[in-house]
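Here's model-v5.cif, which has mmCIF, C-alpha atoms:
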```
data_data
loop_
_atom_site.label_atom_id
_atom_site.label_comp_id
_atom_site.auth_asym_id
_atom_site.auth_seq_id
_atom_site.Cartn_x
_atom_site.Cartn_y
_atom_site.Cartn_z
CA MET A 79 0.00 0.00 0.00
CA SER A 80 1.02 3.62 -0.44
CA ASP A 81 1.87 5.80 2.55
CA GLY A 82 -1.63 7.28 2.41
CA CYS A 83 -3.20 3.84 2.52
CA ASP A 84 -0.86 2.80 5.32
CA ASP A 85 -2.06 5.81 7.32
CA ALA A 86 -5.68 4.92 6.60
CA LEU A 87 -5.08 1.33 7.68
CA ALA A 88 -3.41 2.52 10.89
CA ALA A 89 -6.56 4.50 11.70
CA ILE A 90 -8.55 1.26 11.48
CA PHE A 91 -5.98 -0.89 13.31
CA PRO A 92 -4.11 1.54 15.62
CA PRO A 93 -0.56 0.21 16.20
CA GLY A 94 -0.29 -1.43 19.59
CA GLY A 95 -4.05 -1.40 20.09
CA LEU A 96 -6.40 -4.33 20.62
CA LEU A 97 -7.50 -4.54 17.00
CA ALA A 98 -3.97 -4.66 15.62
CA ARG A 99 -3.14 -7.42 18.09
CA LEU A 100 -6.23 -9.42 17.17
CA ARG A 101 -5.47 -9.03 13.47
CA ALA A 102 -1.84 -10.13 13.99
CA ALA A 103 -2.92 -13.15 16.05
CA SER A 104 -5.11 -14.30 13.13
CA ALA A 105 -2.61 -13.34 10.43
CA ASP A 106 -3.00 -16.45 8.27
CA ASP A 107 -6.79 -16.44 8.46
CA TRP A 108 -6.84 -12.69 7.90
CA GLN A 109 -4.81 -13.05 4.72
CA ALA A 110 -7.10 -15.87 3.56
CA TYR A 111 -10.04 -13.51 4.10
CA THR A 112 -8.74 -10.24 2.68
CA ARG A 113 -6.92 -11.88 -0.26
CA HIS A 114 -9.44 -14.58 -1.03
CA ARG A 115 -9.89 -15.66 -4.64
CA PHE A 116 -13.35 -14.05 -4.55
CA VAL A 117 -11.71 -10.71 -3.68
CA ARG A 118 -9.11 -11.12 -6.41
CA GLY A 119 -11.93 -11.77 -8.85
CA LEU A 120 -13.55 -8.50 -7.82
CA ALA A 121 -10.26 -6.69 -8.37
CA ASP A 122 -9.64 -7.90 -11.91
CA GLY A 123 -13.29 -8.24 -12.91
CA THR A 124 -13.04 -11.97 -13.60
CA LEU A 125 -15.40 -13.15 -10.85
CA PRO A 126 -18.27 -15.01 -12.57
CA GLY A 127 -21.54 -13.09 -12.45
CA PRO A 128 -23.53 -15.92 -10.78
CA CYS A 129 -21.00 -15.93 -7.92
CA PHE A 130 -21.48 -12.22 -7.32
CA ARG A 131 -25.28 -12.47 -7.56
CA HIS A 132 -25.32 -15.24 -4.96
CA TYR A 133 -23.04 -13.19 -2.73
CA LEU A 134 -25.23 -10.09 -3.08
CA VAL A 135 -28.38 -11.92 -1.99
CA GLN A 136 -26.69 -13.62 0.95
CA ASP A 137 -24.97 -10.39 1.97
CA TYR A 138 -28.36 -8.66 2.05
CA LEU A 139 -29.63 -11.33 4.47
CA PHE A 140 -26.36 -11.09 6.39
CA LEU A 141 -26.77 -7.31 6.87
CA VAL A 142 -30.24 -7.79 8.34
CA HIS A 143 -28.74 -9.87 11.13
CA PHE A 144 -25.81 -7.52 11.62
CA ALA A 145 -28.28 -4.69 12.17
CA ARG A 146 -29.85 -6.90 14.85
CA ALA A 147 -26.39 -7.43 16.36
CA TYR A 148 -25.83 -3.68 16.66
CA ALA A 149 -29.27 -3.33 18.23
CA LEU A 150 -28.08 -5.91 20.77
CA ALA A 151 -24.95 -3.81 21.27
CA ALA A 152 -27.16 -0.84 22.13
CA TYR A 153 -28.95 -2.97 24.74
CA LYS A 154 -25.62 -4.11 26.20
CA ALA A 155 -24.05 -0.64 26.13
CA GLU A 156 -22.69 0.72 29.40
CA ASP A 157 -23.62 4.36 28.84
CA LEU A 158 -25.42 6.77 26.54
CA ALA A 159 -22.36 7.16 24.33
CA GLY A 160 -22.31 3.40 23.74
CA ILE A 161 -26.02 3.39 22.93
CA ARG A 162 -25.53 6.21 20.44
CA SER A 163 -22.58 4.45 18.81
CA ALA A 164 -24.48 1.18 18.41
CA LEU A 165 -27.61 2.86 17.09
CA ALA A 166 -25.53 4.91 14.64
CA ALA A 167 -23.97 1.68 13.35
CA ALA A 168 -27.37 0.01 13.00
CA ASP A 169 -28.72 3.09 11.24
CA SER A 170 -25.72 3.10 8.90
CA ILE A 171 -26.46 -0.50 7.94
CA VAL A 172 -30.22 -0.05 7.54
CA GLY A 173 -30.28 3.49 6.20
CA VAL A 174 -27.11 3.68 4.11
CA GLU A 175 -25.35 0.39 3.41
CA MET A 176 -28.49 -1.62 2.69
CA GLY A 177 -29.79 1.15 0.43
CA LEU A 178 -26.56 1.07 -1.58
CA HIS A 179 -26.73 -2.70 -1.53
CA VAL A 180 -30.28 -2.77 -2.89
CA ALA A 181 -29.31 -0.32 -5.62
CA CYS A 182 -26.33 -2.48 -6.55
CA CYS A 183 -28.53 -5.57 -6.59
CA ALA A 184 -31.07 -3.86 -8.85
CA GLY A 185 -28.28 -3.40 -11.37
CA TRP A 186 -27.85 -7.17 -11.34
CA GLY A 187 -31.56 -7.83 -11.78
CA LEU A 188 -32.26 -8.63 -8.12
CA SER A 189 -35.28 -7.15 -6.35
CA GLU A 190 -35.49 -6.61 -2.62
CA PRO A 191 -38.64 -8.78 -2.20
CA ASP A 192 -36.88 -11.63 -4.00
CA MET A 193 -33.83 -11.27 -1.78
CA ARG A 194 -35.96 -11.27 1.38
CA ALA A 195 -37.64 -14.48 0.21
CA THR A 196 -34.35 -16.30 -0.43
CA PRO A 197 -33.33 -18.88 2.20
CA GLU A 198 -30.13 -18.21 4.09
CA ALA A 199 -27.25 -20.35 2.90
CA PRO A 200 -25.27 -22.41 5.44
CA ALA A 201 -22.31 -20.01 5.71
CA THR A 202 -24.69 -17.08 6.20
CA LEU A 203 -26.50 -18.91 8.99
CA ALA A 204 -23.26 -19.98 10.66
CA TYR A 205 -21.68 -16.53 10.62
CA THR A 206 -24.64 -14.41 11.67
CA ARG A 207 -25.76 -16.74 14.43
CA TYR A 208 -22.22 -16.99 15.76
CA VAL A 209 -22.00 -13.22 16.10
CA LEU A 210 -25.39 -13.01 17.82
CA GLU A 211 -24.46 -15.88 20.14
CA ARG A 212 -21.26 -14.14 21.20
CA GLY A 213 -23.27 -11.04 21.97
CA LEU A 214 -25.89 -12.93 23.95
CA SER A 215 -23.50 -15.10 25.96
CA GLY A 216 -20.70 -12.55 26.38
CA ASP A 217 -20.43 -8.86 27.07
CA LEU A 218 -20.19 -5.88 24.74
CA LEU A 219 -16.49 -6.42 24.02
CA ASP A 220 -17.10 -10.05 23.07
CA LEU A 221 -19.78 -8.90 20.64
CA HIS A 222 -17.53 -6.29 19.06
CA ALA A 223 -14.69 -8.81 18.71
CA ALA A 224 -17.09 -10.89 16.61
CA LEU A 225 -18.34 -7.88 14.61
CA ALA A 226 -14.93 -6.34 13.90
CA PRO A 227 -13.68 -8.63 11.11
CA CYS A 228 -16.62 -7.66 8.93
CA VAL A 229 -16.70 -3.89 9.36
CA LEU A 230 -12.93 -3.46 9.48
CA GLY A 231 -12.02 -6.16 6.99
CA TYR A 232 -14.21 -4.69 4.28
CA ALA A 233 -12.60 -1.31 4.89
CA GLU A 234 -9.13 -2.85 4.51
CA ILE A 235 -10.17 -4.71 1.35
CA GLY A 236 -11.63 -1.54 -0.13
CA LEU A 237 -8.44 0.41 0.60
CA ALA A 238 -6.20 -2.32 -0.83
CA LEU A 239 -8.16 -2.78 -4.04
CA ALA A 240 -8.48 0.96 -4.66
CA ALA A 241 -4.73 1.45 -4.15
CA ASP A 242 -3.55 -1.56 -6.14
CA PRO A 243 -2.45 -0.54 -9.65
CA ALA A 244 -3.37 -4.05 -10.83
CA THR A 245 -7.06 -3.47 -9.99
CA ARG A 246 -9.04 -3.13 -13.19
CA ARG A 247 -10.53 0.36 -13.49
CA ASP A 248 -12.11 0.48 -16.94
CA GLY A 249 -15.12 -1.73 -17.49
CA ASN A 250 -14.83 -3.59 -14.20
CA PRO A 251 -18.36 -4.82 -13.35
CA TYR A 252 -17.40 -4.70 -9.67
CA GLY A 253 -16.00 -1.18 -9.71
CA ASP A 254 -18.97 0.28 -7.82
CA TRP A 255 -18.59 -2.31 -5.06
CA ILE A 256 -14.89 -1.46 -4.68
CA ALA A 257 -15.65 2.28 -4.70
CA MET A 258 -18.29 1.89 -1.98
CA TYR A 259 -15.95 0.20 0.50
CA ALA A 260 -12.95 2.35 -0.41
CA GLY A 261 -15.03 5.52 -0.20
CA ASP A 262 -14.93 8.14 2.52
CA ASP A 263 -18.36 7.25 3.94
CA TYR A 264 -17.54 3.62 4.64
CA GLN A 265 -14.00 4.39 5.77
CA GLN A 266 -15.40 6.85 8.30
CA VAL A 267 -17.74 4.14 9.62
CA ALA A 268 -14.74 1.83 10.07
CA ARG A 269 -12.63 4.49 11.81
CA GLU A 270 -15.44 5.30 14.24
CA ALA A 271 -15.97 1.61 14.97
CA ALA A 272 -12.25 1.18 15.64
CA ARG A 273 -12.13 4.16 18.01
CA PHE A 274 -15.11 2.85 19.94
CA ILE A 275 -13.67 -0.67 20.23
CA GLU A 276 -10.27 0.57 21.38
CA GLY A 277 -11.89 2.65 24.12
CA LEU A 278 -14.13 -0.25 25.10
CA ALA A 279 -11.08 -2.52 25.29
CA VAL A 280 -9.53 -0.30 27.95
CA ARG A 281 -12.74 -0.08 29.97
CA ARG A 282 -13.47 -3.81 29.77
CA GLY A 283 -9.96 -5.06 30.60
CA ALA A 284 -9.05 -6.58 27.23
CA ASP A 285 -5.50 -7.44 28.31
CA ALA A 286 -6.78 -9.91 30.89
CA ARG A 287 -8.98 -11.74 28.37
CA MET A 288 -6.92 -11.76 25.20
CA ASP A 289 -7.15 -15.52 24.66
CA SER A 290 -10.95 -15.40 24.54
CA LEU A 291 -11.04 -12.29 22.34
CA MET A 292 -8.51 -13.82 19.94
CA ARG A 293 -10.63 -16.96 19.64
CA THR A 294 -13.73 -14.90 18.88
CA PHE A 295 -12.00 -12.65 16.35
CA GLY A 296 -10.30 -15.64 14.72
CA GLU A 297 -13.53 -17.60 14.41
CA ALA A 298 -15.34 -14.64 12.89
CA THR A 299 -12.48 -14.19 10.42
CA ARG A 300 -12.69 -17.84 9.37
CA LEU A 301 -16.44 -17.42 8.91
CA GLU A 302 -15.70 -14.50 6.60
CA VAL A 303 -13.49 -16.83 4.54
CA ALA A 304 -16.35 -19.34 4.38
CA PHE A 305 -18.73 -16.57 3.30
CA TRP A 306 -16.50 -15.65 0.33
CA GLN A 307 -16.07 -19.32 -0.54
CA GLN A 308 -19.83 -19.82 -0.45
CA GLY A 309 -20.18 -17.16 -3.13
CA LEU A 310 -17.33 -18.58 -5.19
CA ASP A 311 -18.82 -22.08 -5.07
CA ALA A 312 -22.09 -20.77 -6.54
CA GLY A 313 -20.46 -20.15 -9.92
#
```
Would you mind writing the file out in structure tokens?
Amino acid sequence: MSDGCDDALAAIFPPGGLLARLRAASADDWQAYTRHRFVRGLADGTLPGPCFRHYLVQDYLFLVHFARAYALAAYKAEDLAGIRSALAAADSIVGVEMGLHVACCAGWGLSEPDMRATPEAPATLAYTRYVLERGLSGDLLDLHAALAPCVLGYAEIGLALAADPATRRDGNPYGDWIAMYAGDDYQQVAREAARFIEGLAVRRGADARMDSLMRTFGEATRLEVAFWQQGLDAG
């Protein structure tokens, strides 16, 4: 990455902070996630259309449950600031990201009613229910450790693809997807999420529970890999 991208990545994973440590502890799985063959197919435009269509539908269903997870985070919040942060994240998913998602899907001939009526695929079920389970059985930090690979990983992928000179610019059918996650709006969401999690880590004694947090973050990262693979296998 360029220096500018390195700075942007450092804002998402502050050096020495909890998130950077979790990412480093899952380095192999993180690389498998952020450099998956599905992602490479987005970059060069070679991903088969049926794979992307399947992904879009399942990602729509996925986002519904992630909005629920942030609503749970609001319930588990320790103060008004935490409630506001969680509700802002849920509103960003429901009011912004899902709107962009539906618009993107329309361009691929997918209607929102059809997507709502589609059954959840196994990897979608496994990932979303795992995140909700961690939130229900653990505390707010456990929940955010499970949520972080998605919100922060997509930001990293967007930055990397936008900065890579090998990414296809002209005529790439996935250019809008890359632009959305590399764009200022989504990057700001990721930076705010990172700031909140780092502050929460201090308040909730992350250093004394690193093994558990690493397991949660690592499992969620592996579920991200399975989610990409699910889309790739649909081709």
Output as a tab-separated table one row per residue of range 180-252 of chain A within 12 Å of range 276-279 of chain A: the closest atom pair and its distance in Å to one decimal place, counting all atoms listed in the file, sorted by chain and residue number ascending.
```
residue	atom	partner	partner_atom	distance
A:Asp217	CA	A:Leu278	CA	10.8
A:Leu218	CA	A:Leu278	CA	8.3
A:Leu219	CA	A:Leu278	CA	6.7
A:Asp220	CA	A:Ala279	CA	9.9
A:Leu221	CA	A:Leu278	CA	11.3
A:His222	CA	A:Leu278	CA	9.2
A:Ala223	CA	A:Ala279	CA	9.8
A:Ala226	CA	A:Glu276	CA	11.2
```
Contacts of Ala121 in chain A within 12 Å, all atoms listed in the file, excl. fewer than 5 positions in-chain, as a PyMOL selection string: chain A and resi 112-116+235-257
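Of the residues under consideration (A:Glu156, A:Asp311, A:Glu234, A:Asp106), A:Glu234 shows the shortest atom-to-atom contact distance to Ala89 in chain A when counting only C-alpha atoms.
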Reference answer for the PyMOL selection byres ((chain A and resi 300) around 12), as JSON, numbers by chain: {"A": [104, 105, 106, 107, 108, 109, 110, 111, 112, 114, 201, 204, 205, 208, 224, 227, 228, 231, 293, 294, 295, 296, 297, 298, 299, 301, 302, 303, 304, 305, 306, 307]}
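Closest approach to Arg146 in chain A from the set A:Gln308, A:Thr206, A:Thr124, A:Ser189 is made by A:Thr206, with distances taken over only C-alpha atoms.
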